[in-house]
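Printed here is work07.cif (mmCIF, C-alpha atoms):
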```cif
data_my_file
loop_
_atom_site.label_atom_id
_atom_site.label_comp_id
_atom_site.auth_asym_id
_atom_site.auth_seq_id
_atom_site.Cartn_x
_atom_site.Cartn_y
_atom_site.Cartn_z
CA MET A 1 6.77 9.84 11.76
CA ILE A 2 6.04 6.89 9.54
CA GLN A 3 3.36 4.62 10.92
CA TYR A 4 3.76 0.89 10.47
CA ILE A 5 0.64 -1.12 9.69
CA ASP A 6 0.74 -4.91 9.63
CA MET A 7 -2.09 -5.65 7.18
CA HIS A 8 -2.25 -9.34 7.98
CA ALA A 9 -2.58 -8.60 11.70
CA VAL A 10 -5.25 -5.96 11.08
CA LEU A 11 -7.13 -8.43 8.88
CA GLN A 12 -6.98 -11.11 11.54
CA GLU A 13 -8.32 -8.68 14.13
CA SER A 14 -11.06 -7.53 11.78
CA ILE A 15 -12.72 -10.75 10.72
CA SER A 16 -13.69 -13.90 12.47
CA GLY A 17 -12.02 -17.07 11.30
CA VAL A 18 -8.62 -17.72 9.91
CA TYR A 19 -8.82 -16.14 6.50
CA ALA A 20 -5.76 -14.47 5.05
CA ASP A 21 -7.40 -12.77 2.09
CA LEU A 22 -8.42 -9.15 1.81
CA VAL A 23 -11.66 -9.68 -0.05
CA THR A 24 -15.13 -8.11 -0.02
CA ARG A 25 -16.16 -4.53 0.65
CA PRO A 26 -17.39 -5.15 4.18
CA THR A 27 -13.99 -6.61 5.12
CA GLY A 28 -12.20 -3.74 3.41
CA ARG A 29 -14.35 -1.24 5.26
CA VAL A 30 -13.62 -2.79 8.67
CA VAL A 31 -9.89 -3.00 7.94
CA ARG A 32 -9.79 0.62 6.74
CA GLU A 33 -11.66 1.85 9.77
CA ARG A 34 -9.16 0.10 12.04
CA ILE A 35 -6.31 1.72 10.15
CA GLU A 36 -8.02 5.10 10.38
CA ARG A 37 -8.43 4.70 14.12
CA ALA A 38 -4.76 3.77 14.44
CA ILE A 39 -3.77 6.84 12.46
CA ALA A 40 -6.03 9.11 14.51
CA GLY A 41 -4.81 7.57 17.75
CA ARG A 42 -1.24 8.44 16.92
CA GLY A 43 -2.07 12.02 16.06
CA GLY A 44 -1.99 11.40 12.36
CA ASP A 45 -5.38 12.87 11.58
CA THR A 46 -4.76 16.48 12.52
CA GLY A 47 -4.73 17.84 9.00
CA GLU A 48 -1.06 16.99 8.65
CA ILE A 49 -0.11 14.57 5.95
CA THR A 50 -0.36 10.94 7.03
CA ILE A 51 2.54 8.73 6.10
CA ALA A 52 2.01 5.03 6.60
CA ARG A 53 4.00 1.95 5.71
CA MET A 54 1.56 -0.88 5.04
CA ASP A 55 3.09 -4.32 5.17
CA PHE A 56 1.14 -6.90 3.14
CA THR A 57 3.32 -9.84 4.13
CA GLY A 58 1.10 -12.82 4.88
CA VAL A 59 -1.89 -11.41 3.00
CA GLY A 60 -3.08 -13.93 0.40
CA CYS A 61 -5.35 -12.37 -2.15
CA ILE A 62 -6.64 -8.82 -2.32
CA ASP A 63 -9.56 -8.15 -4.62
CA TYR A 64 -10.50 -4.94 -6.43
CA SER A 65 -13.24 -4.07 -3.95
CA CYS A 66 -10.90 -4.33 -1.00
CA ALA A 67 -8.15 -2.46 -2.83
CA ASP A 68 -10.59 0.38 -3.42
CA GLU A 69 -12.08 0.27 0.05
CA ILE A 70 -8.70 0.30 1.80
CA VAL A 71 -5.93 1.80 -0.30
CA ALA A 72 -7.89 4.19 -2.52
CA LYS A 73 -10.16 5.45 0.24
CA LEU A 74 -7.29 6.05 2.65
CA LEU A 75 -5.74 8.25 -0.03
CA ARG A 76 -8.97 9.93 -1.10
CA ASP A 77 -10.17 10.88 2.34
CA ARG A 78 -7.04 12.56 3.69
CA PRO A 79 -3.65 13.87 2.58
CA ALA A 80 -1.60 10.70 2.82
CA VAL A 81 1.45 8.92 1.52
CA LEU A 82 1.20 5.14 1.58
CA VAL A 83 4.29 2.99 1.26
CA LEU A 84 3.38 -0.64 0.61
CA SER A 85 5.73 -3.51 1.35
CA GLY A 86 5.43 -7.28 1.11
CA ILE A 87 3.51 -6.79 -2.13
CA THR A 88 3.12 -9.67 -4.60
CA ASP A 89 2.30 -9.43 -8.30
CA GLY A 90 -1.24 -10.49 -7.45
CA HIS A 91 -1.66 -7.65 -4.94
CA ARG A 92 -0.29 -5.24 -7.48
CA GLU A 93 -2.77 -6.48 -10.08
CA ALA A 94 -5.67 -5.48 -7.87
CA ILE A 95 -4.28 -2.22 -6.51
CA GLU A 96 -2.85 -0.64 -9.67
CA PRO A 97 -6.06 -0.21 -11.71
CA VAL A 98 -7.93 1.08 -8.68
CA LEU A 99 -5.30 3.77 -8.12
CA SER A 100 -5.02 4.69 -11.79
CA GLY A 101 -8.77 5.00 -12.07
CA HIS A 102 -8.81 7.62 -9.35
CA GLY A 103 -5.60 9.45 -10.33
CA LEU A 104 -3.92 8.22 -7.15
CA ALA A 105 -0.55 6.64 -6.44
CA VAL A 106 1.36 4.76 -3.77
CA LEU A 107 4.96 3.76 -3.32
CA ILE A 108 6.12 0.20 -3.09
CA GLU A 109 9.15 -0.54 -0.97
CA ARG A 110 11.16 -3.36 -2.52
CA ALA A 111 13.13 -5.86 -0.48
CA ASP A 112 16.34 -3.87 -1.11
CA GLY A 113 14.75 -0.73 0.30
CA THR A 114 14.31 1.11 -2.97
CA LEU A 115 10.98 2.66 -3.79
CA GLU A 116 8.87 1.93 -6.81
CA SER A 117 5.76 3.83 -7.78
CA LEU A 118 2.37 2.41 -8.56
CA GLY A 119 -0.62 4.28 -9.92
CA ALA A 120 -1.27 7.42 -11.94
CA ALA A 121 1.89 9.04 -13.31
CA ALA A 122 1.09 12.59 -12.20
CA ALA A 123 0.31 11.46 -8.69
CA VAL A 124 3.54 9.45 -8.54
CA ALA A 125 5.70 12.50 -9.23
CA ALA A 126 3.90 14.54 -6.57
CA LEU A 127 4.28 11.71 -4.10
CA LEU A 128 8.04 11.46 -4.49
CA ASP A 129 8.41 15.25 -4.30
CA GLU A 130 6.45 15.26 -1.06
CA LEU A 131 8.60 12.58 0.56
CA VAL A 132 11.86 14.19 -0.54
CA ALA A 133 10.71 17.63 0.62
CA ARG A 134 9.95 16.16 4.04
CA ARG A 135 13.31 14.37 4.04
CA LEU A 136 11.54 11.08 4.50
CA ALA A 137 13.01 9.75 1.27
CA ALA A 138 16.18 10.47 -0.63
CA ARG A 139 17.40 9.92 -4.15
CA ARG A 140 20.03 7.21 -4.39
CA PRO A 141 22.81 6.90 -6.92
CA GLY A 142 21.26 5.53 -10.09
CA GLY A 143 18.11 7.57 -9.70
CA THR A 144 16.22 5.29 -7.36
CA TYR A 145 14.59 6.48 -4.15
CA ALA A 146 14.61 4.98 -0.67
CA LEU A 147 13.06 5.88 2.64
CA THR A 148 15.47 7.64 4.96
CA LEU A 149 13.80 6.23 8.07
CA ALA A 150 13.86 2.49 8.47
CA MET B 1 -52.52 -28.23 -9.05
CA THR B 2 -48.87 -28.62 -9.99
CA ARG B 3 -47.19 -27.08 -13.00
CA LEU B 4 -44.40 -28.92 -14.75
CA VAL B 5 -41.06 -27.36 -15.62
CA GLU B 6 -38.91 -29.63 -17.71
CA VAL B 7 -35.18 -29.53 -17.02
CA PRO B 8 -33.34 -29.84 -20.36
CA ALA B 9 -31.52 -33.12 -20.93
CA HIS B 10 -28.33 -31.16 -21.56
CA PHE B 11 -28.67 -28.30 -19.13
CA ASP B 12 -26.17 -25.51 -19.63
CA ASP B 13 -26.05 -21.84 -20.60
CA ARG B 14 -27.28 -22.66 -24.12
CA SER B 15 -30.38 -24.51 -22.99
CA PHE B 16 -31.03 -22.17 -20.07
CA ASP B 17 -33.41 -19.95 -22.06
CA GLN B 18 -35.53 -22.98 -22.89
CA PHE B 19 -35.65 -23.75 -19.15
CA ALA B 20 -36.38 -20.11 -18.28
CA GLY B 21 -39.24 -20.09 -20.79
CA ALA B 22 -40.82 -23.17 -19.24
CA PHE B 23 -40.27 -21.72 -15.78
CA ALA B 24 -41.89 -18.37 -16.67
CA GLU B 25 -44.85 -20.11 -18.27
CA ALA B 26 -45.39 -22.43 -15.31
CA ARG B 27 -45.17 -19.63 -12.76
CA ARG B 28 -47.98 -17.61 -14.31
CA ASP B 29 -50.83 -18.91 -12.19
CA ASP B 30 -48.90 -19.23 -8.94
CA GLU B 31 -49.31 -22.98 -8.64
CA ARG B 32 -46.80 -25.31 -7.08
CA LEU B 33 -44.02 -26.22 -9.50
CA LEU B 34 -42.53 -29.58 -10.34
CA PHE B 35 -39.05 -29.44 -11.85
CA ASP B 36 -38.66 -32.60 -13.83
CA ALA B 37 -35.03 -33.61 -14.24
CA HIS B 38 -35.64 -37.35 -14.57
CA ALA B 39 -34.32 -37.40 -18.14
CA ALA B 40 -31.30 -35.20 -17.43
CA GLU B 41 -28.16 -36.51 -19.08
CA TRP B 42 -25.74 -33.74 -18.23
CA ALA B 43 -25.72 -30.40 -16.44
CA SER B 44 -23.02 -27.80 -16.38
CA PRO B 45 -22.24 -25.84 -13.18
CA TYR B 46 -24.31 -23.03 -14.73
CA GLY B 47 -27.27 -25.38 -15.09
CA LEU B 48 -26.97 -26.63 -11.52
CA VAL B 49 -26.77 -23.22 -9.86
CA GLY B 50 -29.50 -21.96 -12.21
CA LEU B 51 -31.79 -24.79 -11.12
CA LEU B 52 -31.19 -23.88 -7.48
CA ALA B 53 -32.06 -20.25 -8.25
CA ALA B 54 -35.29 -21.43 -9.87
CA GLY B 55 -36.07 -23.47 -6.78
CA GLN B 56 -35.41 -20.43 -4.61
CA ALA B 57 -37.71 -18.27 -6.74
CA ALA B 58 -40.42 -20.91 -6.83
CA ARG B 59 -40.93 -20.79 -3.07
CA ARG B 60 -43.93 -18.57 -2.78
CA PRO B 61 -43.40 -15.34 -0.82
CA GLY B 62 -44.19 -15.65 2.83
CA SER B 63 -44.17 -19.41 2.71
CA GLY B 64 -41.65 -21.44 4.63
CA SER B 65 -43.67 -24.49 5.12
CA PRO B 66 -41.93 -27.52 3.63
CA ALA B 67 -45.19 -28.42 1.92
CA GLU B 68 -44.91 -25.35 -0.28
CA ARG B 69 -41.45 -26.05 -1.60
CA PRO B 70 -41.39 -26.86 -5.29
CA LEU B 71 -40.95 -30.48 -6.28
CA LEU B 72 -37.91 -31.88 -8.03
CA THR B 73 -37.74 -35.21 -9.77
CA ALA B 74 -34.14 -36.34 -9.58
CA PRO B 75 -32.34 -37.73 -12.63
CA THR B 76 -32.83 -41.45 -13.14
CA SER B 77 -29.37 -42.05 -14.58
CA LEU B 78 -27.07 -43.26 -11.81
CA GLU B 79 -24.11 -41.61 -13.45
CA VAL B 80 -25.89 -38.25 -13.60
CA LEU B 81 -27.14 -38.61 -10.04
CA SER B 82 -23.66 -39.38 -8.85
CA TYR B 83 -22.22 -36.36 -10.63
CA TRP B 84 -24.89 -33.98 -9.31
CA ALA B 85 -24.23 -35.28 -5.81
CA ARG B 86 -20.46 -34.93 -6.16
CA ALA B 87 -20.96 -31.43 -7.50
CA GLY B 88 -22.75 -30.57 -4.26
CA PHE B 89 -26.12 -29.96 -5.90
CA PHE B 90 -28.32 -32.15 -3.72
CA ARG B 91 -26.84 -30.78 -0.51
CA GLU B 92 -28.24 -27.36 -1.43
CA ALA B 93 -31.34 -28.63 -3.24
CA ALA B 94 -32.57 -30.48 -0.15
CA GLU B 95 -33.50 -27.17 1.47
CA LEU B 96 -35.23 -25.77 -1.58
CA PHE B 97 -37.07 -28.69 -3.14
CA GLU B 98 -39.12 -31.64 -2.12
CA ILE B 99 -37.00 -34.16 -3.96
CA HIS B 100 -38.48 -37.27 -5.51
CA GLY B 101 -36.25 -40.11 -6.60
CA LYS B 102 -33.30 -41.83 -5.08
CA VAL B 103 -30.50 -39.44 -4.22
CA PRO B 104 -27.08 -40.92 -3.46
CA ARG B 105 -25.58 -40.01 -0.11
CA LEU B 106 -22.30 -38.80 -1.49
CA LYS B 107 -20.28 -35.98 -0.11
CA ALA B 108 -19.48 -33.06 -2.35
CA ALA B 109 -16.38 -33.96 -4.25
CA GLU B 110 -12.77 -33.38 -3.39
CA GLU B 111 -11.73 -34.46 -6.84
CA SER B 112 -9.75 -32.72 -9.52
CA GLU B 113 -12.61 -31.63 -11.76
CA VAL B 114 -14.83 -30.06 -9.13
CA LEU B 115 -12.69 -27.17 -7.97
CA LEU B 116 -15.52 -25.81 -5.88
CA PRO B 117 -18.74 -27.74 -5.36
CA VAL B 118 -22.01 -25.85 -5.45
CA THR B 119 -21.60 -23.50 -2.49
CA PRO B 120 -24.07 -21.05 -0.99
CA VAL B 121 -23.14 -17.36 -0.94
CA ARG B 122 -25.15 -15.23 1.45
CA ALA B 123 -22.66 -12.96 3.18
CA ALA B 124 -19.12 -11.64 3.01
CA GLU B 125 -17.91 -14.53 5.20
CA ASP B 126 -19.03 -16.96 2.50
CA VAL B 127 -16.93 -15.11 -0.07
CA HIS B 128 -13.92 -15.40 2.24
CA ALA B 129 -14.48 -19.14 2.52
CA VAL B 130 -14.86 -19.53 -1.26
CA VAL B 131 -11.70 -17.54 -2.02
CA SER B 132 -9.69 -19.40 0.57
CA LYS B 133 -10.83 -22.79 -0.70
CA ILE B 134 -10.32 -22.00 -4.37
CA GLN B 135 -6.74 -20.89 -3.83
CA GLN B 136 -5.91 -24.19 -2.19
CA ARG B 137 -7.63 -26.23 -4.89
CA ALA B 138 -7.16 -24.24 -8.07
CA SER B 139 -3.52 -23.31 -8.11
CA ALA B 140 -2.21 -26.62 -9.43
CA ILE B 141 -5.09 -27.09 -11.87
CA LEU B 142 -4.77 -23.64 -13.39
CA ALA B 143 -1.05 -24.06 -13.92
CA SER B 144 -0.89 -27.68 -15.00
CA GLU B 145 -4.12 -28.13 -16.93
CA LEU B 146 -4.78 -24.67 -18.34
CA SER B 147 -1.13 -23.64 -18.66
CA LEU B 148 -1.92 -20.40 -16.87
CA ASP B 149 0.95 -18.55 -15.29
CA PRO B 150 0.95 -19.45 -11.57
CA LYS B 151 0.53 -15.73 -10.96
CA ALA B 152 -2.89 -16.01 -12.59
CA THR B 153 -4.25 -17.96 -9.63
CA MET B 154 -4.66 -14.85 -7.55
CA GLY B 155 -6.39 -13.07 -10.41
CA PHE B 156 -8.70 -16.04 -10.68
CA ALA B 157 -9.51 -15.78 -6.98
CA MET B 158 -10.13 -12.05 -7.40
CA ALA B 159 -12.52 -12.66 -10.30
CA LEU B 160 -14.34 -15.29 -8.29
CA SER B 161 -14.55 -13.00 -5.28
CA GLU B 162 -16.02 -10.16 -7.30
CA ALA B 163 -18.52 -12.44 -9.03
CA CYS B 164 -19.71 -13.74 -5.66
CA GLN B 165 -19.89 -10.25 -4.20
CA ASN B 166 -22.47 -9.31 -6.79
CA ILE B 167 -24.82 -11.60 -4.91
CA VAL B 168 -23.96 -10.23 -1.48
CA GLU B 169 -24.13 -6.60 -2.55
CA HIS B 170 -26.89 -6.54 -5.13
CA ALA B 171 -29.13 -9.59 -5.11
CA GLY B 172 -30.96 -8.94 -1.85
CA THR B 173 -30.94 -12.67 -1.27
CA GLY B 174 -28.49 -15.57 -1.24
CA GLY B 175 -27.15 -17.41 -4.25
CA TRP B 176 -24.73 -20.13 -5.26
CA VAL B 177 -21.35 -20.50 -6.90
CA ALA B 178 -19.66 -23.52 -8.46
CA VAL B 179 -16.28 -23.90 -10.15
CA GLN B 180 -15.32 -26.77 -12.34
CA ALA B 181 -12.65 -27.78 -14.84
CA TYR B 182 -13.56 -29.92 -17.80
CA ASN B 183 -12.86 -30.75 -21.41
CA TRP B 184 -14.96 -28.44 -23.52
CA ARG B 185 -15.54 -30.28 -26.72
CA ARG B 186 -18.34 -28.04 -27.91
CA LYS B 187 -16.25 -25.05 -28.85
CA LEU B 188 -12.62 -25.58 -28.14
CA ALA B 189 -11.63 -29.20 -27.78
CA ARG B 190 -9.53 -28.22 -24.79
CA ARG B 191 -9.69 -27.80 -21.05
CA VAL B 192 -11.58 -24.92 -19.51
CA VAL B 193 -12.30 -23.73 -16.01
CA VAL B 194 -15.85 -22.51 -15.53
CA ILE B 195 -17.20 -20.29 -12.77
CA ALA B 196 -20.99 -20.26 -12.47
CA VAL B 197 -22.82 -17.93 -10.11
CA ALA B 198 -26.59 -17.62 -9.79
CA ASP B 199 -29.16 -16.01 -7.58
CA ALA B 200 -32.88 -15.36 -7.73
CA GLY B 201 -32.63 -11.86 -6.29
CA VAL B 202 -33.65 -8.49 -7.63
CA GLY B 203 -31.48 -8.54 -10.77
CA PHE B 204 -29.40 -5.80 -12.38
CA ARG B 205 -32.27 -3.65 -13.65
CA HIS B 206 -33.89 -3.33 -10.27
CA SER B 207 -30.54 -2.80 -8.56
CA LEU B 208 -29.49 0.02 -10.90
CA GLU B 209 -32.89 1.58 -11.53
CA PRO B 210 -32.75 4.36 -8.92
CA THR B 211 -29.52 5.79 -10.35
CA GLN B 212 -29.64 4.85 -14.04
CA ASN B 213 -33.27 4.86 -15.14
CA LYS B 214 -33.36 8.54 -16.08
CA ARG B 215 -30.00 8.43 -17.82
CA PHE B 216 -31.18 5.74 -20.21
CA GLY B 217 -34.74 7.04 -20.63
CA ASP B 218 -36.77 4.91 -23.04
CA ARG B 219 -33.91 2.48 -23.48
CA TRP B 220 -33.99 1.49 -19.84
CA GLY B 221 -34.53 -2.20 -19.22
CA ASP B 222 -32.64 -5.40 -18.44
CA ALA B 223 -30.32 -5.07 -21.45
CA ALA B 224 -29.45 -1.45 -20.68
CA ALA B 225 -28.82 -2.34 -17.04
CA LEU B 226 -26.44 -5.14 -18.01
CA GLU B 227 -24.67 -2.88 -20.48
CA ALA B 228 -24.30 -0.18 -17.82
CA ALA B 229 -22.87 -2.63 -15.30
CA LEU B 230 -20.54 -4.69 -17.47
CA VAL B 231 -19.48 -2.28 -20.20
CA GLN B 232 -19.67 1.08 -18.44
CA GLY B 233 -18.73 -0.11 -14.94
CA VAL B 234 -21.78 1.59 -13.41
CA SER B 235 -22.83 0.71 -9.88
CA ARG B 236 -25.94 1.47 -7.89
CA PHE B 237 -23.75 3.16 -5.30
CA ARG B 238 -22.72 6.76 -5.84
CA ASP B 239 -19.32 6.10 -4.30
CA PRO B 240 -16.81 6.76 -7.13
CA GLY B 241 -14.87 3.62 -6.28
CA ARG B 242 -17.77 1.33 -7.03
CA GLY B 243 -18.05 -0.72 -10.19
CA GLN B 244 -14.48 -2.03 -9.86
CA GLY B 245 -15.52 -5.67 -9.61
CA LEU B 246 -16.90 -6.38 -13.06
CA ALA B 247 -14.25 -4.12 -14.62
CA GLY B 248 -11.59 -6.18 -12.87
CA ILE B 249 -13.11 -9.43 -14.08
CA ARG B 250 -13.10 -8.07 -17.64
CA ARG B 251 -9.42 -7.16 -17.42
CA TYR B 252 -8.56 -10.61 -16.12
CA LEU B 253 -10.54 -12.33 -18.86
CA LEU B 254 -9.05 -10.14 -21.55
CA ARG B 255 -5.58 -11.25 -20.49
CA TRP B 256 -6.47 -14.94 -20.53
CA THR B 257 -8.88 -14.83 -23.51
CA GLY B 258 -11.75 -15.76 -21.26
CA LYS B 259 -15.46 -15.17 -21.58
CA ILE B 260 -18.07 -13.68 -19.28
CA ALA B 261 -21.82 -13.79 -19.84
CA ILE B 262 -24.42 -12.37 -17.49
CA ARG B 263 -28.12 -13.09 -17.76
CA SER B 264 -30.58 -11.01 -15.78
CA GLY B 265 -34.31 -10.65 -16.26
CA THR B 266 -34.99 -10.82 -19.98
CA ALA B 267 -31.50 -10.01 -21.25
CA ARG B 268 -28.06 -11.53 -21.53
CA ILE B 269 -24.78 -9.77 -22.17
CA ALA B 270 -21.43 -11.34 -23.02
CA ILE B 271 -17.86 -10.28 -23.58
CA VAL B 272 -17.08 -12.67 -26.39
CA PRO B 273 -13.51 -13.81 -27.10
CA GLN B 274 -12.37 -14.80 -30.57
CA TRP B 275 -12.83 -18.51 -29.98
CA ASP B 276 -16.56 -18.13 -29.32
CA ASP B 277 -19.47 -17.14 -31.52
CA ASP B 278 -21.89 -16.02 -28.82
CA VAL B 279 -23.78 -12.76 -29.40
CA PRO B 280 -22.76 -9.77 -27.27
CA LEU B 281 -26.27 -8.79 -26.22
CA LYS B 282 -29.63 -10.55 -26.32
CA ASP B 283 -32.88 -8.97 -25.22
CA GLY B 284 -36.44 -10.22 -25.06
CA LEU B 285 -35.51 -13.55 -23.49
CA PRO B 286 -37.92 -15.42 -21.23
CA PRO B 287 -37.84 -13.69 -17.85
CA PHE B 288 -35.85 -15.28 -15.06
CA PRO B 289 -35.30 -13.74 -11.63
CA GLY B 290 -31.98 -12.49 -10.30
CA ALA B 291 -28.70 -12.77 -12.15
CA GLN B 292 -26.72 -15.69 -13.56
CA VAL B 293 -23.04 -15.25 -14.32
CA LEU B 294 -20.87 -17.53 -16.44
CA ILE B 295 -17.10 -17.14 -16.63
CA ILE B 296 -14.99 -19.41 -18.83
CA ILE B 297 -11.20 -19.46 -18.84
CA PRO B 298 -9.69 -21.67 -21.53
CA GLU B 299 -6.47 -23.61 -21.62
CA GLN B 300 -3.75 -21.28 -22.84
CA GLY B 301 -1.43 -21.63 -25.79
CA SER B 302 -3.94 -22.89 -28.31
CA ALA B 303 -6.31 -19.99 -28.64
CA ASP B 304 -6.51 -20.18 -32.42
CA ARG B 305 -7.69 -23.72 -32.55
#
```
Take the structure in the file and write it out as structure tokens.
Amino acid sequence: MIQYIDMHAVLQESISGVYADLVTRPTGRVVRERIERAIAGRGGDTGEITIARMDFTGVGCIDYSCADEIVAKLLRDRPAVLVLSGITDGHREAIEPVLSGHGLAVLIERADGTLESLGAAAAVAALLDELVARRLAARRPGGTYALTLA
Amino acid sequence: MTRLVEVPAHFDDRSFDQFAGAFAEARRDDERLLFDAHAAEWASPYGLVGLLAAGQAARRPGSGSPAERPLLTAPTSLEVLSYWARAGFFREAAELFEIHGKVPRLKAAEESEVLLPVTPVRAAEDVHAVVSKIQQRASAILASELSLDPKATMGFAMALSEACQNIVEHAGTGGWVAVQAYNWRRKLARRVVVIAVADAGVGFRHSLEPTQNKRFGDRWGDAAALEAALVQGVSRFRDPGRGQGLAGIRRYLLRWTGKIAIRSGTARIAIVPQWDDDVPLKDGLPPFPGAQVLIIIPEQGSADR
């Protein structure tokens, strides 16, 4: 099962006020802990690989600290595949170096459904293999990948 | 008895060491301080937040009585007074100093040059507010005046966020941030956006000492601490993900030929772009508490001027 996480909604639940930016470590920590609880609550923390689709639509800025606290730590602390959607160039700018620095990778789901990788090259290859092996993603004509479950 | 600390007539990062020297000298015998800015002609955002940090440090430990706040003589020039007020300086200074002189009752500016008036940073919520505000205000300025790609606005907000977080995470006290755009005749003869962040907290050496002191051995000091933080991406936390903030700022500045300089204790480190002739590392400066960060992003497309 692929879990859907609305990052903007989680952010709004996590901080007081009306801010739309994923900034600061304390905010990142609270957001990650909410995501972890959601994963655990849906039986996703039983040693099995966690697969989550994180939708960043509506999120303004994400800084390096938050990218590390949320995306990198979710990947470091458990076997997980993260598929990010609603990602802007600015989000990518913060997330990519954090992932590369730790030898981690995520997938980005483009608007047309195809998957793009982000992060360390070795981790990217393993990530795609994992999804294909679990039949959660399939290779499309032209060599691109897409999730099999919408 | 009151000790005098003269505020330089042109108060910016270049004259800051002169100010820090006077401040260190005046603090020696623990007397009440008088910061004399009556002759001030101009102050950069760095000067303004640095003066607030000095005021914060000059409150004697354990005090809280208004009578023990340091004194500040406001500038006599109406133009300078007006600018300091519009930049949000007096709003913050009122809590720290006993101010002498006529201070205009102006609100902090909502004008094009002052992208972010002097703003206190004490907690993560303050960083959220700063980032939110700067994105509303800075987007058009960065694109139209500095010719930055509109995509650079988010990177700018990230850099600002990380600079402010240094206060929240490491200073052990509050600090201030200010962002301003102006024509920088001194070096470039073009527009720049400047981020200035200052606190009077524990500083980089103290923050990193528990984890880095042994590694550096005899070399350990303010300069080594700054080098560890800015160049090596070292953090006081053992978490492997730490140290991303300053590294991220460096990447952003490299792309936009910007400059960062950090002063802490008796040292100052800078990542110096081609257009500047600053020195990368200075040690043995007059001591000043906390950390003071200067980030400059120049107008694009004329870097070789």
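For chain B, the residues having at least one atom no farther than 9 Å from chain A, when counting only C-alpha atoms, are B:Ala124, B:Glu125, B:Val127, B:His128, B:Ala129, B:Val131, B:Ser132, B:Gln135, B:Lys151, B:Ala152, B:Thr153, B:Met154, B:Gly155, B:Ala157, B:Met158, B:Ala159, B:Ser161, B:Glu162, B:Gln165, B:Glu169, B:Pro240, B:Gly241, B:Arg242, B:Gly243, B:Gln244, B:Gly245, B:Gly248.
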Take the residues from that selection and put them in a file with C-alpha atoms, as a short mmCIF file (atom, residue, chain, number, x, y, z; two decimals), in the coordinates of the input.
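What landed in result21.cif:
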```
data_model
loop_
_atom_site.label_atom_id
_atom_site.label_comp_id
_atom_site.auth_asym_id
_atom_site.auth_seq_id
_atom_site.Cartn_x
_atom_site.Cartn_y
_atom_site.Cartn_z
CA ALA B 124 -19.12 -11.64 3.01
CA GLU B 125 -17.91 -14.53 5.20
CA VAL B 127 -16.93 -15.11 -0.07
CA HIS B 128 -13.92 -15.40 2.24
CA ALA B 129 -14.48 -19.14 2.52
CA VAL B 131 -11.70 -17.54 -2.02
CA SER B 132 -9.69 -19.40 0.57
CA GLN B 135 -6.74 -20.89 -3.83
CA LYS B 151 0.53 -15.73 -10.96
CA ALA B 152 -2.89 -16.01 -12.59
CA THR B 153 -4.25 -17.96 -9.63
CA MET B 154 -4.66 -14.85 -7.55
CA GLY B 155 -6.39 -13.07 -10.41
CA ALA B 157 -9.51 -15.78 -6.98
CA MET B 158 -10.13 -12.05 -7.40
CA ALA B 159 -12.52 -12.66 -10.30
CA SER B 161 -14.55 -13.00 -5.28
CA GLU B 162 -16.02 -10.16 -7.30
CA GLN B 165 -19.89 -10.25 -4.20
CA GLU B 169 -24.13 -6.60 -2.55
CA PRO B 240 -16.81 6.76 -7.13
CA GLY B 241 -14.87 3.62 -6.28
CA ARG B 242 -17.77 1.33 -7.03
CA GLY B 243 -18.05 -0.72 -10.19
CA GLN B 244 -14.48 -2.03 -9.86
CA GLY B 245 -15.52 -5.67 -9.61
CA GLY B 248 -11.59 -6.18 -12.87
#
```
Problem - Test item: the PyMOL selection byres ((chain B and resi 231) around 12) resolved as a VMD selection string - result: chain B and resid 223 to 230 232 to 235 243 to 251 260 to 262 269 to 271 280 to 281
Exercise for the section: Please write as a list in words the full residue list that the PyMOL selection byres ((chain A and resi 110) around 9) yields on this file. Expected result: Leu84, Ser85, Gly86, Ile87, Ile108, Glu109, Ala111, Asp112, Gly113, Thr114, Leu115 and Glu116 of chain A
Practice task
Could you state which residues are captured by the PyMOL selection byres ((chain B and resi 52) around 9) in this file, as a ChimeraX atom specification?
Solution key: /B:47-51,53-57,89,92-93,96-97,175-176,198-200
Fill in the blank from the handout: note - atom CA of Gly290 of chain B and atom CA of Val202 of chain B are separated by 5.1 Å
Handout entry: For Ile297 of chain B: contacts at 7 Å, only C-alpha atoms, fewer than 2 positions along chain excluded, given as an NGL selection string
Key = :B and (192-194 or 256-259 or 295 or 299)
Exercise for the section: State, in Å with one decimal place, the distance from atom CA of Ala52 of chain A to atom CA of Gln3 of chain A. Expected result: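 Interatomic distance, atom CA of Ala52 of chain A to atom CA of Gln3 of chain A: 4.5 Å.
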Segment 177-180 of chain B: which residues within 7 Å, counting all atoms listed in the file, same-chain residues fewer than 6 positions away excluded, as an mmCIF file with C-alpha atoms, in the coordinates of the input?
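part_26.cif, freshly written:
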```cif
data_model
loop_
_atom_site.group_PDB
_atom_site.id
_atom_site.type_symbol
_atom_site.label_atom_id
_atom_site.label_comp_id
_atom_site.auth_asym_id
_atom_site.auth_seq_id
_atom_site.Cartn_x
_atom_site.Cartn_y
_atom_site.Cartn_z
ATOM 1 C CA PRO B 45 -22.240 -25.840 -13.180
ATOM 2 C CA VAL B 49 -26.770 -23.220 -9.860
ATOM 3 C CA GLU B 113 -12.610 -31.630 -11.760
ATOM 4 C CA VAL B 114 -14.830 -30.060 -9.130
ATOM 5 C CA LEU B 115 -12.690 -27.170 -7.970
ATOM 6 C CA LEU B 116 -15.520 -25.810 -5.880
ATOM 7 C CA PRO B 117 -18.740 -27.740 -5.360
ATOM 8 C CA VAL B 118 -22.010 -25.850 -5.450
ATOM 9 C CA THR B 119 -21.600 -23.500 -2.490
ATOM 10 C CA PRO B 120 -24.070 -21.050 -0.990
ATOM 11 C CA VAL B 121 -23.140 -17.360 -0.940
ATOM 12 C CA VAL B 193 -12.300 -23.730 -16.010
ATOM 13 C CA VAL B 194 -15.850 -22.510 -15.530
ATOM 14 C CA ILE B 195 -17.200 -20.290 -12.770
ATOM 15 C CA ALA B 196 -20.990 -20.260 -12.470
ATOM 16 C CA VAL B 197 -22.820 -17.930 -10.110
ATOM 17 C CA ALA B 198 -26.590 -17.620 -9.790
#
```
